[in-house]
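Worksheet for the structure shown next.
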Amino acid sequence: MASWVLTAMDLACQKAQRTLFEGVSFSVPAGSWLHIEGGNGCGKTSLLRILCGLSPAAHGQVLWPSARHALRLRPDRSVLHYIGHALGLKPDLTACENLCFDAQASGLALSREQALQALAEQGLQSRAHLPVRVLSQGQRQGVALARLRTSPASLWVLDEPLVGLDAQATATARALLQSHVDAGGAIVMTSHHDVGLQGPGARLQLGARGAA
C-alpha cells in the first residue's frame, strides 16, 4: 500500500490569462500535513480547488495511490473532505441538521446522536438546535469543522480552518487537526495563522502573481 495520500506534479494555474503559479510539485504522505502559505491573491485557494477536482489545472496532474492518473472528478468523502471559504452550510437548517444532511448527501451513515456528539466535542452543544443563519461566523466555522469529526476521509483539504474562531475554539480545532495527523490521516491547508501542528509536515510558499 502506498504511504502517500496525494501527489501533485508540475501544477500550474491561470486566470484571466495571468499565471498565478506554475511548477508546483509535492507529495503528502499519510500522517503528515502541508501548510500552503502566501499573500492574498497568490493562488492558495485555486490550488486547493485543483487538488479537489473542483477547478482544472492549466498544466500538471494530481495523482492518487490507488490509480496513478490525473484527477478529473472530485473524490468522494471516503477519500477527501474539503472545507472552503463558503463552508457549504444550509442557513435554514440547524447545526445538527446540517451535519446529518451533509452526511446523507455524501452517502454516509450518521445518526442524530452522532451529529450531536460531534457538535458537543466542538464546543457547540448549546447551538446544536439553532438555525445556522443565527450563528456567528466563528460558530459556523465550528459547525463545518464538526463535520470532520464524522468524516471517514483520510485527506482533509482546508481553506483557512481557524478563521473567525475565538481562543477556545481555536485550541479545539488545533487538537482536532493534530489528532487526525496522529491517527495517520493527512491535511493540506491554507492559513494566515500558525496552526502549530506537530509531527511530519512541510510548508509550501506561493508567490503573489494574481487573484486567487
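We label chains A, B, ... in the order they appear in the C-alpha cells, count residues from 1 in each chain, and number ligands from 1 in the order shown.
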Next item on the list: Any chance you could list, as a PyMOL selection string, the residues in segment 57-191 of chain A that come up strand (DSSP E) when DSSP is run on the backbone?
Entry: chain A and resi 59-63+80-83+155-159+186-190
Margin query: Among segment 81-211 of chain A, which ones does DSSP assign to helix (DSSP H, G or I) (computed from the backbone)? Answer as a VMD selection string.
Written below: chain A and resid 95 to 105 112 to 121 125 to 127 132 to 134 137 to 148 167 to 182
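Residue nearest Phe101 of chain A within the list A:Arg147, A:Leu130, A:Arg140, A:Thr190: A:Arg147 [criterion: smallest interatomic distance, only C-alpha atoms].
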Margin query: Would you pick out the contacts of Val188 of chain A at 9 Å or less, using only C-alpha atoms, so that residues sharing its chain but fewer than 6 positions from it are not included, and give the list as a PyMOL selection string?
Written below: chain A and resi 28+32-36+48+155-159
Item checked: Contacts of Gln122 of chain A within 8 Å, only C-alpha atoms, excl. fewer than 4 positions in-chain, as a PyMOL selection string -> chain A and resi 118+142-143+145-146+169+172-173
Using only C-alpha atoms, please write the residues we just selected to a file, as an mmCIF file, in the first residue's frame.
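Contents of part_36.cif, freshly written:
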```
data_model
loop_
_atom_site.group_PDB
_atom_site.id
_atom_site.type_symbol
_atom_site.label_atom_id
_atom_site.label_comp_id
_atom_site.auth_asym_id
_atom_site.auth_seq_id
_atom_site.Cartn_x
_atom_site.Cartn_y
_atom_site.Cartn_z
ATOM 1 C CA ALA A 118 -19.583 15.885 17.114
ATOM 2 C CA GLY A 142 -17.126 25.330 14.138
ATOM 3 C CA VAL A 143 -20.117 23.551 12.593
ATOM 4 C CA LEU A 145 -15.186 21.621 11.436
ATOM 5 C CA ALA A 146 -17.549 19.353 13.380
ATOM 6 C CA ALA A 169 -12.449 27.230 19.619
ATOM 7 C CA THR A 172 -10.235 22.785 19.977
ATOM 8 C CA ALA A 173 -9.706 22.978 16.213
#
```
Check: Between A:Leu20, A:Ala103, A:Arg149, A:Pro56, which has the minimum distance to Cys42 of chain A (counting only C-alpha atoms)?
Finding: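 Once distances to Cys42 of chain A are computed over only C-alpha atoms, the minimum belongs to A:Leu20.
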Checklist line | Best match for closeness to Gly31 of chain A among A:Gly138, A:Gly184, A:Pro200, A:Gly60, counting only C-alpha atoms | finding: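 Of the candidates, the smallest distance to Gly31 of chain A is held by A:Gly184.
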Checklist line | Glu113 of chain A environment, 12 Å, only C-alpha atoms, sequence neighbours closer than 3 positions dropped, as a ChimeraX atom specification | finding: /A:96-97,99-100,109-110,116-120,125,128,150
Notebook entry, point to check: Quick one: of A:Val62, A:Ala12, A:Ala30, A:Leu87, who's nearest to Ile187 of chain A, counting only C-alpha atoms?
Noted result: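 When distances to Ile187 of chain A are compared using only C-alpha atoms, the smallest one comes from A:Ala30.
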Each residue of segment 99-208 of chain A lying at most 10 Å from segment 23-27 of chain A should get a row with its shortest atom-to-atom pair and the distance in Å to one decimal, counting only C-alpha atoms; could you produce that, ordered by chain and increasing number, as a Markdown table?
```
| residue | atom | partner | partner_atom | distance |
| --- | --- | --- | --- | --- |
| A:Ala202 | CA | A:Phe26 | CA | 9.6 |
| A:Leu204 | CA | A:Phe26 | CA | 8.7 |
| A:Gln205 | CA | A:Val24 | CA | 9.9 |
| A:Leu206 | CA | A:Val24 | CA | 8.8 |
```
Next item on the list: Find the distance between atom CA of Leu6 of chain A and atom CA of Pro29 of chain A and write it in Å to one decimal.
Entry: 7.1 Å
Check: Could you work out how far atom CA of Ala186 of chain A lies from atom CA of Ser3 of chain A, giving the answer in Å with one decimal?
Finding: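 Computed distance, atom CA of Ser3 of chain A to atom CA of Ala186 of chain A, equals 10.8 Å.
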